[in-house]
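Engineer: File coords-v4.cif below, mmCIF, C-alpha atoms and all ligand atoms:
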data_run
loop_
_atom_site.label_atom_id
_atom_site.label_comp_id
_atom_site.auth_asym_id
_atom_site.auth_seq_id
_atom_site.Cartn_x
_atom_site.Cartn_y
_atom_site.Cartn_z
CA MET A 1 0.25 5.60 32.24
CA ALA A 2 3.63 7.35 31.93
CA ASP A 3 6.18 5.50 29.86
CA MET A 4 9.56 6.59 31.25
CA THR A 5 11.46 3.92 29.35
CA SER A 6 10.68 5.10 25.81
CA ASP A 7 13.48 6.60 23.70
CA PHE A 8 10.83 8.85 22.20
CA ARG A 9 9.91 11.16 25.06
CA PHE A 10 8.26 14.58 24.68
CA ASP A 11 9.08 15.97 28.12
CA ASP A 12 8.14 19.64 28.50
CA GLN A 13 7.03 19.91 24.87
CA VAL A 14 3.70 21.63 24.35
CA VAL A 15 1.53 19.66 21.92
CA ILE A 16 -1.71 21.03 20.46
CA ILE A 17 -4.06 18.28 19.29
CA THR A 18 -7.29 19.28 17.58
CA GLY A 19 -10.38 17.10 17.78
CA ALA A 20 -8.78 15.27 20.70
CA GLY A 21 -11.98 14.51 22.61
CA MET A 22 -12.64 11.20 20.93
CA GLY A 23 -11.45 8.80 18.25
CA LEU A 24 -7.95 9.27 16.91
CA GLY A 25 -7.27 12.61 18.58
CA ARG A 26 -8.04 11.17 21.99
CA SER A 27 -5.65 8.31 21.33
CA HIS A 28 -2.94 10.80 20.27
CA ALA A 29 -3.54 12.87 23.41
CA HIS A 30 -3.10 9.88 25.70
CA LEU A 31 0.05 8.74 23.94
CA PHE A 32 1.75 12.16 23.95
CA ALA A 33 0.79 12.76 27.58
CA SER A 34 2.17 9.35 28.58
CA LEU A 35 5.47 10.41 26.98
CA GLY A 36 5.76 13.59 29.04
CA ALA A 37 4.12 16.16 26.73
CA LYS A 38 1.91 19.00 27.89
CA VAL A 39 -1.18 18.49 25.79
CA LEU A 40 -3.76 21.06 24.78
CA VAL A 41 -6.80 18.86 24.24
CA ASN A 42 -8.94 20.79 21.75
CA ASP A 43 -12.42 19.62 20.90
CA LEU A 44 -15.61 21.41 19.99
CA GLY A 45 -17.63 18.29 20.74
CA THR A 46 -19.68 18.09 17.57
CA ALA A 47 -21.63 15.44 15.73
CA THR A 48 -19.85 13.92 12.71
CA ASP A 49 -21.39 16.60 10.48
CA GLY A 50 -19.99 19.41 12.62
CA THR A 51 -23.28 20.41 14.22
CA GLY A 52 -23.72 20.87 17.96
CA ALA A 53 -21.09 21.46 20.61
CA SER A 54 -20.17 20.01 23.99
CA THR A 55 -17.38 20.77 26.42
CA ARG A 56 -17.69 17.37 28.06
CA ILE A 57 -15.55 15.23 25.79
CA ALA A 58 -12.42 17.40 25.87
CA ASP A 59 -12.83 17.75 29.66
CA ALA A 60 -13.12 13.98 30.05
CA VAL A 61 -9.85 13.37 28.17
CA VAL A 62 -8.08 16.00 30.29
CA ASP A 63 -9.41 14.32 33.46
CA GLU A 64 -8.18 10.92 32.25
CA ILE A 65 -4.70 12.28 31.45
CA ARG A 66 -4.40 14.09 34.77
CA ALA A 67 -5.60 11.02 36.67
CA ALA A 68 -2.73 9.11 35.05
CA GLY A 69 -0.26 11.77 36.20
CA GLY A 70 0.03 13.64 32.89
CA PHE A 71 -0.28 17.30 31.91
CA ALA A 72 -3.26 18.51 29.89
CA ILE A 73 -5.65 21.41 29.51
CA ALA A 74 -8.92 21.52 27.64
CA ASN A 75 -9.82 23.89 24.83
CA HIS A 76 -13.40 24.00 23.57
CA ASP A 77 -13.01 26.33 20.59
CA SER A 78 -13.59 25.40 17.00
CA VAL A 79 -10.43 25.04 14.94
CA GLU A 80 -12.00 27.84 12.90
CA GLN A 81 -10.75 30.04 15.75
CA GLY A 82 -7.23 28.65 15.51
CA GLN A 83 -5.67 31.68 17.15
CA ARG A 84 -7.49 30.93 20.42
CA LEU A 85 -5.95 27.46 20.73
CA VAL A 86 -2.50 28.89 20.22
CA GLU A 87 -3.07 31.75 22.68
CA GLN A 88 -4.31 29.35 25.34
CA ALA A 89 -1.30 27.06 24.94
CA LEU A 90 1.06 30.04 25.13
CA ASP A 91 -0.75 31.58 28.12
CA GLU A 92 -0.60 28.29 30.00
CA TRP A 93 2.82 26.97 29.06
CA GLY A 94 4.67 29.68 27.10
CA SER A 95 5.67 27.69 24.03
CA ILE A 96 4.50 25.29 21.32
CA ALA A 97 6.51 22.45 19.83
CA VAL A 98 3.98 20.24 18.06
CA VAL A 99 0.69 20.90 16.25
CA ILE A 100 -1.48 17.94 15.32
CA ASN A 101 -4.37 18.90 13.06
CA ASN A 102 -6.81 16.07 13.55
CA ALA A 103 -10.30 17.59 13.87
CA GLY A 104 -12.53 16.59 11.01
CA ILE A 105 -16.16 16.42 9.95
CA ILE A 106 -17.99 14.77 7.08
CA ARG A 107 -21.08 15.78 5.12
CA ASP A 108 -21.30 13.12 2.46
CA ALA A 109 -23.47 13.63 -0.61
CA SER A 110 -23.08 12.63 -4.25
CA PHE A 111 -21.81 15.62 -6.18
CA HIS A 112 -25.07 16.42 -7.95
CA LYS A 113 -26.82 16.62 -4.57
CA LEU A 114 -24.04 18.41 -2.71
CA GLN A 115 -25.18 21.75 -1.27
CA LEU A 116 -22.83 24.71 -1.18
CA GLU A 117 -23.17 24.92 2.61
CA ASP A 118 -22.01 21.30 2.96
CA TRP A 119 -19.03 22.00 0.71
CA LEU A 120 -18.12 25.12 2.70
CA ALA A 121 -18.62 23.59 6.16
CA VAL A 122 -16.29 20.68 5.34
CA GLN A 123 -13.67 23.01 3.87
CA ARG A 124 -13.96 25.35 6.88
CA VAL A 125 -13.25 22.68 9.47
CA ASN A 126 -10.96 20.22 7.72
CA LEU A 127 -8.84 22.53 5.57
CA GLU A 128 -9.29 26.10 6.76
CA GLY A 129 -9.38 25.05 10.43
CA ALA A 130 -6.05 23.27 10.05
CA PHE A 131 -4.71 26.32 8.23
CA ARG A 132 -5.87 28.66 11.00
CA VAL A 133 -4.37 26.66 13.86
CA THR A 134 -1.10 26.08 12.03
CA HIS A 135 -0.89 29.65 10.76
CA ALA A 136 -1.33 30.99 14.30
CA ALA A 137 1.34 28.64 15.66
CA TRP A 138 3.80 29.10 12.77
CA PRO A 139 5.50 32.35 13.93
CA HIS A 140 6.24 30.71 17.30
CA LEU A 141 7.68 27.60 15.69
CA ARG A 142 9.82 29.80 13.43
CA ALA A 143 11.01 31.92 16.34
CA ASN A 144 11.94 28.78 18.31
CA ARG A 145 13.60 27.24 15.26
CA TYR A 146 11.78 24.04 16.06
CA GLY A 147 8.43 22.54 15.25
CA ARG A 148 6.59 19.43 14.19
CA VAL A 149 3.27 19.72 12.38
CA LEU A 150 0.98 16.90 11.35
CA PHE A 151 -2.07 17.01 9.11
CA THR A 152 -4.73 14.32 8.93
CA ALA A 153 -5.84 13.52 5.40
CA SER A 154 -7.86 10.63 4.06
CA ALA A 155 -7.83 7.95 1.40
CA ALA A 156 -10.96 9.70 0.10
CA GLY A 157 -8.71 12.58 -0.97
CA ILE A 158 -5.87 10.48 -2.31
CA TYR A 159 -7.95 8.08 -4.35
CA GLY A 160 -11.36 9.77 -4.58
CA ASN A 161 -14.52 8.33 -3.08
CA PHE A 162 -18.16 8.40 -4.03
CA GLY A 163 -20.07 11.04 -2.10
CA GLN A 164 -16.97 12.69 -0.64
CA ALA A 165 -16.04 15.42 -3.12
CA ASN A 166 -16.12 18.04 -0.36
CA TYR A 167 -14.23 15.95 2.19
CA GLY A 168 -11.75 14.46 -0.29
CA SER A 169 -10.74 17.81 -1.73
CA ALA A 170 -10.26 19.33 1.73
CA LYS A 171 -8.22 16.33 2.84
CA LEU A 172 -5.90 16.28 -0.15
CA GLY A 173 -5.64 20.05 0.15
CA LEU A 174 -4.00 19.42 3.52
CA HIS A 175 -1.23 17.44 1.85
CA GLY A 176 -0.72 20.29 -0.62
CA LEU A 177 -0.48 22.67 2.34
CA ALA A 178 1.96 20.34 4.08
CA ARG A 179 4.23 20.12 1.00
CA SER A 180 4.70 23.88 0.88
CA LEU A 181 5.09 24.22 4.65
CA ALA A 182 7.73 21.47 4.58
CA VAL A 183 9.70 23.55 2.06
CA GLU A 184 9.24 26.78 4.04
CA GLY A 185 9.95 25.16 7.41
CA SER A 186 13.05 23.19 6.46
CA SER A 187 15.59 25.91 7.27
CA ARG A 188 14.12 26.28 10.78
CA ASN A 189 13.84 22.64 11.75
CA ILE A 190 10.08 22.65 11.28
CA HIS A 191 8.95 19.33 9.85
CA VAL A 192 5.49 18.90 8.36
CA ASN A 193 3.91 15.58 7.47
CA THR A 194 0.51 14.14 6.65
CA ILE A 195 -1.17 10.89 7.60
CA ALA A 196 -4.17 9.27 5.95
CA PRO A 197 -5.48 6.97 8.68
CA MET A 198 -8.09 4.28 8.92
CA LEU A 199 -9.39 3.56 12.39
CA ASP A 200 -12.41 2.46 14.33
CA SER A 201 -14.45 5.55 15.15
CA ARG A 202 -17.97 6.82 14.63
CA LEU A 203 -16.90 7.93 11.14
CA LEU A 204 -16.73 4.27 10.08
CA GLU A 205 -20.15 3.31 11.45
CA GLY A 206 -21.99 1.12 8.96
CA LEU A 207 -19.10 1.13 6.49
CA MET A 208 -17.59 -2.24 7.40
CA PRO A 209 -18.38 -5.27 9.57
CA ASP A 210 -18.06 -4.58 13.32
CA ALA A 211 -15.56 -7.43 13.78
CA LEU A 212 -13.17 -5.89 11.26
CA ARG A 213 -13.75 -2.37 12.55
CA SER A 214 -12.85 -3.37 16.09
CA ARG A 215 -9.39 -4.37 14.85
CA LEU A 216 -8.67 -0.89 13.51
CA ARG A 217 -7.72 0.47 16.90
CA PRO A 218 -6.75 4.17 16.95
CA GLN A 219 -3.86 3.16 19.23
CA LEU A 220 -2.28 1.53 16.17
CA VAL A 221 -2.20 4.90 14.38
CA SER A 222 -0.93 7.21 17.13
CA PRO A 223 2.64 5.80 17.35
CA LEU A 224 3.23 6.81 13.72
CA ALA A 225 1.91 10.30 14.48
CA ALA A 226 4.20 10.54 17.51
CA TYR A 227 7.21 9.25 15.59
CA LEU A 228 6.70 11.85 12.86
CA CYS A 229 6.45 14.55 15.55
CA HIS A 230 9.56 13.50 17.48
CA ALA A 231 12.71 15.63 17.45
CA SER A 232 14.74 12.70 16.11
CA CYS A 233 12.57 12.17 13.01
CA ARG A 234 14.08 13.67 9.83
CA GLU A 235 11.02 13.03 7.67
CA THR A 236 9.25 16.06 6.22
CA GLY A 237 6.69 16.56 3.46
CA GLY A 238 5.74 12.90 3.65
CA LEU A 239 2.32 11.34 3.20
CA PHE A 240 1.68 8.11 5.07
CA GLU A 241 -1.20 5.68 5.01
CA VAL A 242 -1.83 3.86 8.24
CA GLY A 243 -4.43 1.58 9.78
CA GLY A 244 -4.94 -1.76 11.49
CA GLY A 245 -1.22 -2.14 12.16
CA TRP A 246 -0.09 -1.35 8.59
CA TYR A 247 2.18 1.60 7.83
CA GLY A 248 3.31 2.84 4.42
CA LYS A 249 4.50 5.93 2.59
CA LEU A 250 3.06 7.39 -0.61
CA ARG A 251 4.77 9.51 -3.24
CA TRP A 252 3.97 11.09 -6.56
CA GLN A 253 5.00 9.17 -9.62
CA ARG A 254 5.29 10.61 -13.10
CA SER A 255 5.71 8.86 -16.43
CA ASP A 256 8.94 9.50 -18.32
CA GLY A 257 6.63 11.21 -20.76
CA ALA A 258 7.03 12.33 -24.34
CA ALA A 259 9.22 15.29 -25.29
CA LEU A 260 8.00 16.35 -28.71
CA PRO A 261 10.30 18.16 -31.17
CA LEU A 262 9.88 21.91 -30.90
CA ASP A 263 10.88 22.66 -34.50
CA ARG A 264 7.31 22.01 -35.69
CA PRO A 265 3.86 22.81 -34.30
CA VAL A 266 2.33 20.33 -31.88
CA ASP A 267 -1.14 19.36 -33.01
CA ILE A 268 -3.76 17.12 -31.42
CA GLN A 269 -2.66 14.24 -33.65
CA ALA A 270 0.85 14.47 -32.19
CA ILE A 271 -0.61 14.11 -28.68
CA ALA A 272 -2.64 11.10 -29.80
CA ASP A 273 0.39 9.55 -31.50
CA HIS A 274 2.52 9.91 -28.39
CA TRP A 275 -0.21 8.85 -25.96
CA PRO A 276 1.41 5.47 -25.20
CA ALA A 277 4.61 7.26 -24.09
CA ILE A 278 2.70 9.95 -22.18
CA VAL A 279 0.99 7.33 -19.99
CA ASP A 280 3.81 4.76 -19.86
CA PHE A 281 5.04 4.26 -16.29
CA GLU A 282 7.80 1.80 -17.25
CA LEU A 283 10.49 4.46 -16.69
CA ALA A 284 8.54 6.45 -14.12
CA GLN A 285 10.25 9.15 -12.05
CA CYS A 286 9.37 10.37 -8.58
CA PRO A 287 10.34 14.05 -8.51
CA GLU A 288 10.57 15.38 -4.96
CA THR A 289 10.68 19.11 -5.60
CA VAL A 290 9.26 21.67 -8.01
CA GLU A 291 12.81 22.26 -9.29
CA GLU A 292 13.43 18.57 -9.93
CA ALA A 293 10.06 18.18 -11.62
CA GLY A 294 10.61 21.31 -13.68
CA ARG A 295 14.03 20.23 -14.96
CA ALA A 296 12.65 17.09 -16.57
CA LEU A 297 9.55 18.84 -17.84
CA LEU A 298 11.53 21.68 -19.38
CA ARG A 299 14.13 19.49 -21.04
CA ASN A 300 12.99 20.29 -24.58
CA ALA A 301 12.70 23.99 -23.97
CA LEU A 302 16.12 24.08 -22.26
CA ALA A 303 17.74 22.12 -25.12
CA GLU A 304 16.25 24.53 -27.64
CA LEU A 305 17.51 27.48 -25.63
CA GLU A 306 20.99 25.93 -25.47
CA SER A 307 21.18 25.29 -29.22
CA ALA A 308 20.01 28.86 -29.94
CA ARG A 309 23.03 30.27 -28.03
P1 LIG A 401 -14.20 11.49 15.30
O1 LIG A 401 -15.46 12.03 14.74
O2 LIG A 401 -14.25 10.37 16.27
O3 LIG A 401 -13.34 12.65 15.95
C1 LIG A 401 -13.24 13.93 15.38
C2 LIG A 401 -13.26 14.94 16.50
O4 LIG A 401 -13.14 16.25 15.94
C3 LIG A 401 -14.56 14.92 17.31
O5 LIG A 401 -14.25 14.76 18.68
C4 LIG A 401 -15.20 16.27 17.01
O6 LIG A 401 -15.92 16.79 18.11
C5 LIG A 401 -13.98 17.12 16.69
N1 LIG A 401 -14.32 18.29 15.90
C6 LIG A 401 -15.17 18.37 14.85
N2 LIG A 401 -15.23 19.64 14.40
C7 LIG A 401 -14.40 20.37 15.17
C8 LIG A 401 -14.01 21.73 15.18
N3 LIG A 401 -14.54 22.61 14.29
N4 LIG A 401 -13.12 22.16 16.09
C9 LIG A 401 -12.60 21.29 16.99
N5 LIG A 401 -12.93 19.98 17.04
C10 LIG A 401 -13.82 19.53 16.14
O7 LIG A 401 -13.32 11.07 14.02
P2 LIG A 401 -11.96 10.23 13.91
O8 LIG A 401 -12.25 9.00 13.15
O9 LIG A 401 -11.25 10.15 15.18
O10 LIG A 401 -11.19 11.19 12.89
C11 LIG A 401 -9.98 11.86 13.20
C12 LIG A 401 -9.42 12.43 11.91
O11 LIG A 401 -9.07 11.37 11.03
C13 LIG A 401 -10.42 13.30 11.15
O12 LIG A 401 -9.74 14.38 10.55
C14 LIG A 401 -10.93 12.37 10.07
O13 LIG A 401 -11.42 13.06 8.95
C15 LIG A 401 -9.68 11.57 9.76
N6 LIG A 401 -9.94 10.29 9.13
C16 LIG A 401 -10.55 9.28 9.82
C17 LIG A 401 -10.77 8.06 9.21
C18 LIG A 401 -11.32 6.90 9.94
O14 LIG A 401 -11.19 5.77 9.43
N7 LIG A 401 -11.93 7.08 11.10
C19 LIG A 401 -10.44 7.85 7.79
C20 LIG A 401 -9.74 8.94 7.18
C21 LIG A 401 -9.52 10.12 7.84
#
Could you render the structure as structure tokens?
Ligand code: NAI
Structural biologist:
Amino acid sequence: MADMTSDFRFDDQVVIITGAGMGLGRSHAHLFASLGAKVLVNDLGTATDGTGASTRIADAVVDEIRAAGGFAIANHDSVEQGQRLVEQALDEWGSIAVVINNAGIIRDASFHKLQLEDWLAVQRVNLEGAFRVTHAAWPHLRANRYGRVLFTASAAGIYGNFGQANYGSAKLGLHGLARSLAVEGSSRNIHVNTIAPMLDSRLLEGLMPDALRSRLRPQLVSPLAAYLCHASCRETGGLFEVGGGWYGKLRWQRSDGAALPLDRPVDIQAIADHWPAIVDFELAQCPETVEEAGRALLRNALAELESAR
């Protein structure tokens, strides 16, 4: 249903959404389409482990959007062929404004049982797939001096989770990718953010009681995604946790640390002696950039340099 009253419209903006045939991506696709966007609904139609393929689910979402009066086309490629998604969007509509990297698979196994193929498959779809789609779209966003990119991470990457070494590393890798793209995109009005959602989908089957799961509606996540991808939103490089109607931002925190005198060798004992200061978060800082982080870290070396002048 079109929402003409919203202040957050996406009229005529081309939005690529990966993994948009079900779950969270489907919810994103419906929301963006209801706000006037032209949505490329990408989905390979796989099982949760990335096996199999079906064109049906992306087609069904496109049919639903069109029936409601919106604009959408289906794309059935894997995100591993990111270039194809971008080419199709450009062939159909001539531009790209927003890229939402949402497709994801899981192949859980405790680390000692994890097979290389299950490591690689999860990296290929979750991390490399998002790279490929975004990398193909990036020159167009740069040329237009406008873009909004969203990555979909996971608490498993932020906090670590048993049996998800492959998935967690790919997911936190996305935030690392987003941080650098936010720096590179800032001069061209390209904003890049990451969400770590929790929502009711097949990925949560068996992980929590059904009654609780049913309250984690994907429709509670998509408005944050759309806000972050709106022209009016200044946020970039951010990481947000979201689920069940809760929304919050994360940031890195670093202890004030210990700056040891440089006029004598630092031995292991010195590290042990200063351990309380090294891990003390009482005066924690939250550096936002490599430069800011480096200044504090290099304070001893810089002071020594200064006094040597
Ligand atoms: P889902 O399994 O319902 O949807 C994922 C979609 O991605 C499926 O439609 C699937 O066909 C598609 N897909 C898989 N491989 C693909 C490929 N190579 N190319 C194109 N499409 C592909 O999962 P859900 O829950 O909607 O997940 C959405 C995103 O949120 C995923 O990245 C997931 O890892 C992430 N996430 C979900 C959580 C949850 O609580 N459900 C928790 C944390 C992160």
Engineer: Enumerate as a VMD selection string the residues within 6 Å of ligand LIG 401 (chain A), counting only C-alpha atoms and all ligand atoms.
Structural biologist: chain A and resid 18 to 25 43 to 46 48 50 78 to 80 102 to 105 125 152 to 154 196 to 204
Engineer: Write out as lines of an AutoDock Vina configuration file an axis-aligned box for range 28-38 of chain A: all of its atoms listed in the file, 4 Å added on each side, centre and edge lengths in Å with one decimal.
Structural biologist:
center_x = 1.1
center_y = 13.9
center_z = 24.7
size_x = 17.3
size_y = 18.3
size_z = 16.8
Engineer: Find the spatial neighbours of Arg299 in chain A, counting all atoms listed in the file, within a cut-off of 12 Å - ignore same-chain residues fewer than 5 positions away - and output them as a list in words.
Structural biologist: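 Close residues of Arg299 in chain A: Asp256, Gly257, Ala258, Ala259, Leu260, Pro261, Leu262, Glu292, Ala293, Gly294, Glu304, Leu305 and Glu306 of chain A.
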Engineer: In terms of the shortest atom-to-atom distance over only C-alpha atoms, which of A:Ala178, A:Leu40, A:Leu31, A:Ile106 is closest to Glu92 in chain A?
Structural biologist: A:Leu40
Engineer: May I have the residues within 8 Å of Arg215 in chain A as a PyMOL selection string, using only C-alpha atoms and disregarding those fewer than 3 positions away in the same chain?
Structural biologist: chain A and resi 200+211-212+244
Engineer: Generate the output file for the selected residues, C-alpha atoms, as an mmCIF file, keeping the file's coordinate frame.
Structural biologist:
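Result saved to out_16.cif:
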data_model
loop_
_atom_site.group_PDB
_atom_site.id
_atom_site.type_symbol
_atom_site.label_atom_id
_atom_site.label_comp_id
_atom_site.auth_asym_id
_atom_site.auth_seq_id
_atom_site.Cartn_x
_atom_site.Cartn_y
_atom_site.Cartn_z
ATOM 1 C CA ASP A 200 -12.410 2.460 14.330
ATOM 2 C CA ALA A 211 -15.560 -7.430 13.780
ATOM 3 C CA LEU A 212 -13.170 -5.890 11.260
ATOM 4 C CA GLY A 244 -4.940 -1.760 11.490
#
Engineer: Skip Tyr247 in chain A itself and residues of its chain fewer than 6 positions away, then list as a count of residues only all residues within 10 Å of it, counting all atoms listed in the file.
Structural biologist: 7
Engineer: What lies within 12 Å of range 263-267 of chain A using only C-alpha atoms, ignoring chain neighbours under 3 positions off, as a PyMOL selection string?
Structural biologist: chain A and resi 258-260+270-274+300-301+303-304+307-308
Engineer: Determine, counting all atoms listed in the file, which protein, DNA and RNA residues have an atom within 10 Å of an atom of range 141-144 of chain A; residues of the same chain fewer than 4 positions away are not included. Present the result as a PyMOL selection string.
Structural biologist: chain A and resi 95-99+134+136-137+148-149+184-185+187-190
Engineer: Please report the interatomic distance between CA of Pro139 in chain A and CA of Ile57 in chain A in Å with one decimal.
Structural biologist: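 Pair CA of Pro139 in chain A / CA of Ile57 in chain A returns 29.6 Å.
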